[in-house]
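A.B. asks: Structure in structure tokens, see below.
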Amino acid sequence: MRMPTPARHRTTPTRRAAALAALSLALCLPSPAVADVLGNRVTAPADARTAAEDAGAVRVALRAARAARGGAGGGLVFGRCPVVEELPGPVRCAALRVPLDYARPDGPQISLTVSRVPATGRGGVARQGALVHNPGGPGASGMYFPLFAGLPAWRGVAAAYDLVGYAPRGVGRSAPLSCHDPADPAPAGPTRVPAEPSAAYKRERVAAARTYALGCARRAGDALAQYTTLNNVRDLHVLRAALGEERLTFMGASYGTYLGAVYATRYPGHVRRMVFDSAVDPDPRRIWYRNNLDQAPGFERRWSDFRTWAARHHATYGLGATAGAVRASYERVRAVVSREPAGGVVGTGELHAAFLQVAYYDDVWPERAAALAAFLRGDPGPLVEQAGPRPRDAARAANATAVYTAVLCNDAPWPADWETWDRDNTELARRAPFETWANAFLNLPCAFWPVAQRQRPVAVGAGPARLPRTLIVAAERDGATPHRGALELQRRLGPRAALLTEEGAGNHGVAGGRNACVDRRVERYLLTGATPGWRTTCAPHPEPAPVSLDDRAAGAPRALLPPVV
């Protein structure tokens, strides 16, 4: 799963709070089970180490549950959030201690940061417990989630639930993972990325991927192997217990849907309600190499959707009256910045990264179109603002990339020969060039990953336990998590899993503010447990209105987005 590059207006939790008005994952067969905290049973694979890790997680969760009931001896203690989190006063923060290695539950510990705002009880609504959120990535922090409580689309849910966010292991201040020595100079920009990579450019990227993988090993040492989905699931299990919840109410987006699905598979007796927003295909055969290949056609469709929209608004932007003409305008800009980077900082790499966002969020379509139009009229300012470097975010972005890479590389086997990558991506790029090579090079360190034993992807849904009702939400044209992944997740979770599809839409992250039809059904499910039906649909949310350069200069409001990754 490729993480979207955050837009400038998504750089701080405080700004995210305002943004949320718009929205706001080999095969393991069942084997002898381990007794879980409340007498349930947790499916464990035959692998001896994994079984030991699962047993360790049970022990740690039991201690956390006892502490939560007793109010002392290691339970979560919430207090004022550190300034670095940039969270307002009503939000309280805590540290959750978990083992680095669950096979050694009493060995070295790490701290995960947790945030919470209590249920408001608005309108006399009874509290139902804690709702835990994971925004995806892997590598994204959910510490901002309590800020959703003040947004209209979330007020009903916030009345009944404590909203709980957290930074997963490796992310932010949660035992942060890095693959770069802070003393090393930052990569020099701007970057020049060819539209079609030459053999020489590919050799450069292979060498860079090897170097990056070795950097992760040097920086993390033996701990590098501990950044996995299974450990994220175990951490979530301990967090649930530490919150005093016997069963987990959870909402995950993108990679967060895979995290939730693996949790539901491993700890079915501890599932209360789960919302899976923009679902990863959990088929073990597709984790993670094939899933990444699957993204490219979806990104190509969304790139076409953006260009078609811009063509409909030719009168506003002047980029061309057809999707082909808009592409030509983009290529004109690309040709110029390849020779002379915009503002000295935006080359072809930065340009492409900025426009990959149009495949994730239609909210950015107006500003991206306006930036192209301005550049072609002689004003590079908007493009530099949107695509230029953000030094304040550099450390956070590097940390997110390190965690993303470690989890995906550790989670599953990847092709270890460059020839396979080259063949598959060359063939794919012939029909879907927009995202293919950027995504391939992002994930290429996994070909050279220095962890000897990779995980085997969990067979989501395998096992006799019956889950409670769950709700999957998906956009029909989502490029990052194609809709067939939602269908596969529903099939694996069983007949009590409902699928709600936003027809004709493609935003990555569906619930929470864009579509009232979706939001009503998600809220009803979280509040009552009732799902809208086995497979139901909502009409798409309205496309964004065009915003002219004159409107932008006059201060017309932008449509802002939360960070769903």
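Chains: A, B, ... in order of the structure tokens. Residues: from 1 per chain. Ligands: from 1, in order shown.
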Residues within 7 Å of stretch 170-172 of chain A, please, as a VMD selection string. Count only C-alpha atoms; anything in the same chain fewer than 2 positions from it doesn't count.
C.D. replies: chain A and resid 139 to 141 167 to 168 174 to 177 399 to 400 403
A.B. asks: Apply DSSP to the structure's backbone, then extract all residues of stretch 211-393 of chain A labelled helix (DSSP H, G or I) and return them as a VMD selection string.
C.D. replies: chain A and resid 211 to 226 229 to 242 255 to 266 268 to 270 284 to 286 289 to 312 314 to 317 323 to 339 348 to 360 362 to 376 381 to 387 391 to 393
A.B. asks: Could you list, with a cut-off of 12 Å and counting only C-alpha atoms, the residues of stretch 382-413 of chain A near stretch 255-265 of chain A, each shown with its nearest atom pair and the distance in Å rounded to one decimal, rows sorted by chain and ascending number, as CSV?
C.D. replies:
residue,atom,partner,partner_atom,distance
A:Tyr404,CA,A:Tyr255,CA,9.9
A:Val407,CA,A:Tyr255,CA,10.7
A:Leu408,CA,A:Tyr255,CA,10.3
A:Asp411,CA,A:Leu259,CA,11.7
A.B. asks: Let me make sure I understand: among A:Trp414, A:Trp309, A:Tyr166, A:Trp534, which one has the smallest atom-to-atom distance to A:Asn291 if we use only C-alpha atoms?
C.D. replies: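 Closest candidate: A:Trp414.
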A.B. asks: Run DSSP on the backbone and grab whatever in stretch 223-346 of chain A lands in strand (DSSP E); send it over as a PyMOL selection string.
C.D. replies: chain A and resi 248-253+271-277
A.B. asks: Just to be explicit: take each residue in the selection above, keep C-alpha atoms, and write the result as a tab-separated table (two decimals), in the first residue's frame.
C.D. replies:
chain	number	residue	atom	x	y	z
A	248	LEU	CA	-12.90	-4.24	21.02
A	249	THR	CA	-14.84	-1.60	19.12
A	250	PHE	CA	-12.54	-0.59	16.28
A	251	MET	CA	-12.45	1.49	13.16
A	252	GLY	CA	-9.59	1.06	10.69
A	253	ALA	CA	-8.86	2.69	7.36
A	271	VAL	CA	-14.55	-8.36	18.82
A	272	ARG	CA	-17.54	-6.15	19.60
A	273	ARG	CA	-17.96	-3.97	16.50
A	274	MET	CA	-15.60	-3.21	13.63
A	275	VAL	CA	-15.73	-0.76	10.74
A	276	PHE	CA	-13.35	-1.47	7.84
A	277	ASP	CA	-13.00	1.66	5.70
A.B. asks: Determine the nearest neighbour of A:Tyr289 from the options A:Leu442, A:Leu493, A:Val333, A:Ala67, counting only C-alpha atoms.
C.D. replies: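 Result for the nearest residue to A:Tyr289: A:Leu442.
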A.B. asks: Which value, in Å to one decimal, gives the distance between atom CA of A:Asp478 and atom CA of A:Val522?
C.D. replies: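 Computing the Euclidean distance for atom CA of A:Asp478 and atom CA of A:Val522 yields 18.6 Å.
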A.B. asks: Ranking A:Leu499, A:Pro194, A:Arg266, A:Glu367 by minimum distance to A:Ala51 and counting only C-alpha atoms, which one comes first?
C.D. replies: A:Arg266
A.B. asks: Near A:Gly349, counting only C-alpha atoms, which residues have an atom at most 10 Å away, once you skip same-chain residues fewer than 6 positions from it, shown as an MDAnalysis selection string?
C.D. replies: chainID A and resid 189:195 334 337:338 387 438
